[in-house]
Amino acid sequence: MGGEIKQIFEILETNARATPEQISTMTGIPAAEVEKTIKKAEKERTILKYKTAINWSKLGEEQVWALIEVKVVPQRGVGFDAIAERIYRFPEARSVYLVSGTYDLAILVVGKTMQEVALFVAEKLAPLETVQGTVTHFLLKRYKEDGEILEGEEGIKRLPVSP
Amino acid sequence: MSTPQVDPVKVLQKLASERVNNISPSGIRKFFDLLSSMEGVISLGVGEPDFVTPWHIREAAIYSIEKGYTMYTSNYGLSELRQKLAQYLKSRYRLSYAPNTELLITTGVSEGLDLALRALINPGDEVIMPDPCYVSYPACTVLAEGKPILVPTTEENNFVIKAKDIEAHITPRTKAILIGYPSNPTGAVMTKEQLTLVAEVARRHDLIVISDEIYERLVYNTEHTCFASLDGIKDKTVLLGGFSKAYAMTGWRTGYAAARPEIIEAMTKIHQYTMLCAPIVAQMAAIEALDRGDKEVEVMVKDYDRRRRVMVEGLRDIGLTCFEPKGAFYAFPSIKITGMTSEEFAQRLLLEEKVAVVPGPAFGQCGEGYIRCCYATSLEDIEEALRRMERFIKRHT
């Protein structure tokens with residue numbers, strides 16, 4: 001991909017609300033071309049979706065996050081993909097990754113209560129045929145997500161006028 | 001009984017040395033005082049990045065404190081830093097400087113500039129520099145008892161100092177040419193061809209060139225030419241550089257001077273009595289910046305470039321003429337259509353629309369009719385500032 005075109009995606013990744021006109025000003029690429037590139041990327045699922053990063057705890061919303069290690073038996077012909085799909089289809093699974101090391105799949109689960117997450121593991125995840133075992137780590141505090149520091153971000157401390 | 005009124009200006013004039021009285025007060029300080037009493041101001045008046053120093057650089061500095069690096073360093077600076085700096089200049093500009101004799105670590109380019117001028121200038125020596133230019137150039141020249149010779153630059157010539165104009169200002173007292181490109185306040189850069197002509201003038205008239213290249217890494221869609229890398233001019237050049245702008249390290253106060261051994265020795269003579277050495281923690285941070293800071297520099301430059309386009313196009317859209325700045329992080333639009341002086345424009349814009357800019361004449365007479373707008377601020381703030389300026393311009397044209 002050309003460096004110029006790549007800039008469109010870099011800008012959108014940090015600010016999904018940037019309009020084609022704004023991106024055009026920032027990059028020098030004509031707005032029509034920016035729009036065409038975005039439309040094409042949406043169609044091809046290069047752009048998956050536009051979302052907003054929300055700090056729910058500031059709204060007083062309780063959320064329980066858990067990182068679950070899953071050990072599975074790979075299946076002939078499909079390896080880990082089939083079992084991974086069985087898992088990622090559950091809406092509770094926020095993220096699903098195949099990883100190297102002592103376990104195979106890492107799953108990020110989000111629920112309203114600890115019990116809800118525990119039930120998902122006990123009733124949905126653990127009973128799956130090829131799942132050999134799970135280890136659940138409840139997240140105690142989230143410091144940084146998707147590159148954003150949730151609390152204690154540094155403000156700008158510079159003087160308002162300087163030479 | 002009434003107490004007699006005391007005029008602080010007169011008191012200062014009486015108390016202070018002639019040296020101090022000979023330099024004009026900063027045109028920026030007045031704005032700072034006004035600004036500090038106001039709320040909701042968007043400031044385009046800053047002269048530094050809005051990024052915080054990259055974390056790995058800060059972390060390296062913290063680690064160095066933990067390890068007890070709290071002492072003086074050699075007057076020249078840490079040997080490891082000078083070696084890495086020599087490698088940097090070699091790989092970036094194919095310039096060979098001996099780390100032990102041709103490099104000096106300073107507390108920012110500001111100190112480097114002061115040292116260079118004091119080390120080279122005799123009372124009455126003339127130093128040629130562009131107008132407008134960074135506020136310290138004329139002031140430090142006067143403090144060194146030299147005479148600043150300001151060569152007008154214009155928007156039509158993209159605020160570049162022309163070799164033939166320099167030559168026209170040379171007298172038997174001319175000792176040096178002082179240039180700073182990319183430029184603060186205009187954002188102008190000079191091409192290799194333009195700089196080569198300046199180098200030829202310097203060679204022909206046996207002049208020293210002090211080249212402040214603090215913004216060397218902040219150029220957009222163009223290449224920076226290091227003055228010292230031009231043919232046959234290295235021995236006549238004092239290259240001043242630093243970490244403040246590229247690595248967002250303004251508050252660390254770390255820079256360097258690169259020049260032939262005799263000049264570095266002369267500068268170090270002053271440095272050893274006045275500064276002793278640059279702070280060791282900042283020097284440790286600078287080592288980390290040179291080792292692993294390039295990735296962040298690239299990200300920041302890309303970001304500045306986007307904001308630059310928004311700022312320049314925005315200023316043009318609201319009816320101001322603005323030449324394309326290709327370096328640093330300043331736009332320098334003309335406000336002549338309003339009929340106001342730069343100072344009046346800046347003051348009224350601040351009071352009426354709460355946008356702070358710096359009047360061009362703070363950087364020299366040729367800055368009259370212009371304002372300096374720094375785009376090292378968030379895109380949201382730039383866009384809001386432009387909206388406010390648009391209202392202001394509409395009201396006053």
# chains A, B, ... in the order shown; residues from 1 in each chain; ligands from 1

call {"tool": "interface_residues", "arguments": {"of": "chain B", "to": "chain A", "cutoff": "6 Å", "atoms": "only C-alpha atoms", "output": "PyMOL selection string"}}
result
chain B and resi 32+43+45-47+306+309-310

call {"tool": "atom_distance", "arguments": {"atom1": "CA of His205 (chain B)", "atom2": "CA of Leu115 (chain B)"}}
result
22.7 Å

call {"tool": "residues_around", "arguments": {"residues": "Arg118 (chain B)", "least_positions_apart": "5", "cutoff": "9 Å", "atoms": "only C-alpha atoms", "output": "list in words"}}
result
Leu113, Cys140, Thr141, Leu143, Ala144, Glu145, Gly146, Met267 and Ile270 of chain B

call {"tool": "write_last_selection", "arguments": {"atoms": "C-alpha atoms", "output": "mmCIF file, in the first residue's frame"}}
result
data_model
loop_
_atom_site.group_PDB
_atom_site.id
_atom_site.type_symbol
_atom_site.label_atom_id
_atom_site.label_comp_id
_atom_site.auth_asym_id
_atom_site.auth_seq_id
_atom_site.Cartn_x
_atom_site.Cartn_y
_atom_site.Cartn_z
ATOM 1 C CA LEU B 113 24.445 29.973 20.696
ATOM 2 C CA CYS B 140 22.863 37.086 22.449
ATOM 3 C CA THR B 141 24.909 38.992 19.878
ATOM 4 C CA LEU B 143 25.288 40.398 25.110
ATOM 5 C CA ALA B 144 28.504 39.276 23.409
ATOM 6 C CA GLU B 145 29.103 42.969 22.608
ATOM 7 C CA GLY B 146 28.676 42.300 18.939
ATOM 8 C CA MET B 267 33.435 27.602 23.729
ATOM 9 C CA ILE B 270 33.320 29.721 28.801
#

call {"tool": "atom_distance", "arguments": {"atom1": "CA of Phe345 (chain B)", "atom2": "CA of Pro361 (chain B)"}}
result
11.8 Å

call {"tool": "residues_around", "arguments": {"residues": "region 250-258 of chain B", "least_positions_apart": "2", "cutoff": "7 Å", "atoms": "only C-alpha atoms", "output": "count of residues only"}}
result
22

call {"tool": "residues_around", "arguments": {"residues": "Lys30 (chain B)", "least_positions_apart": "2", "cutoff": "12 Å", "atoms": "only C-alpha atoms", "output": "MDAnalysis selection string"}}
result
(chainID A and resid 161:162) or (chainID B and resid 25:28 32:37 343 346:347 356 358:359 362)
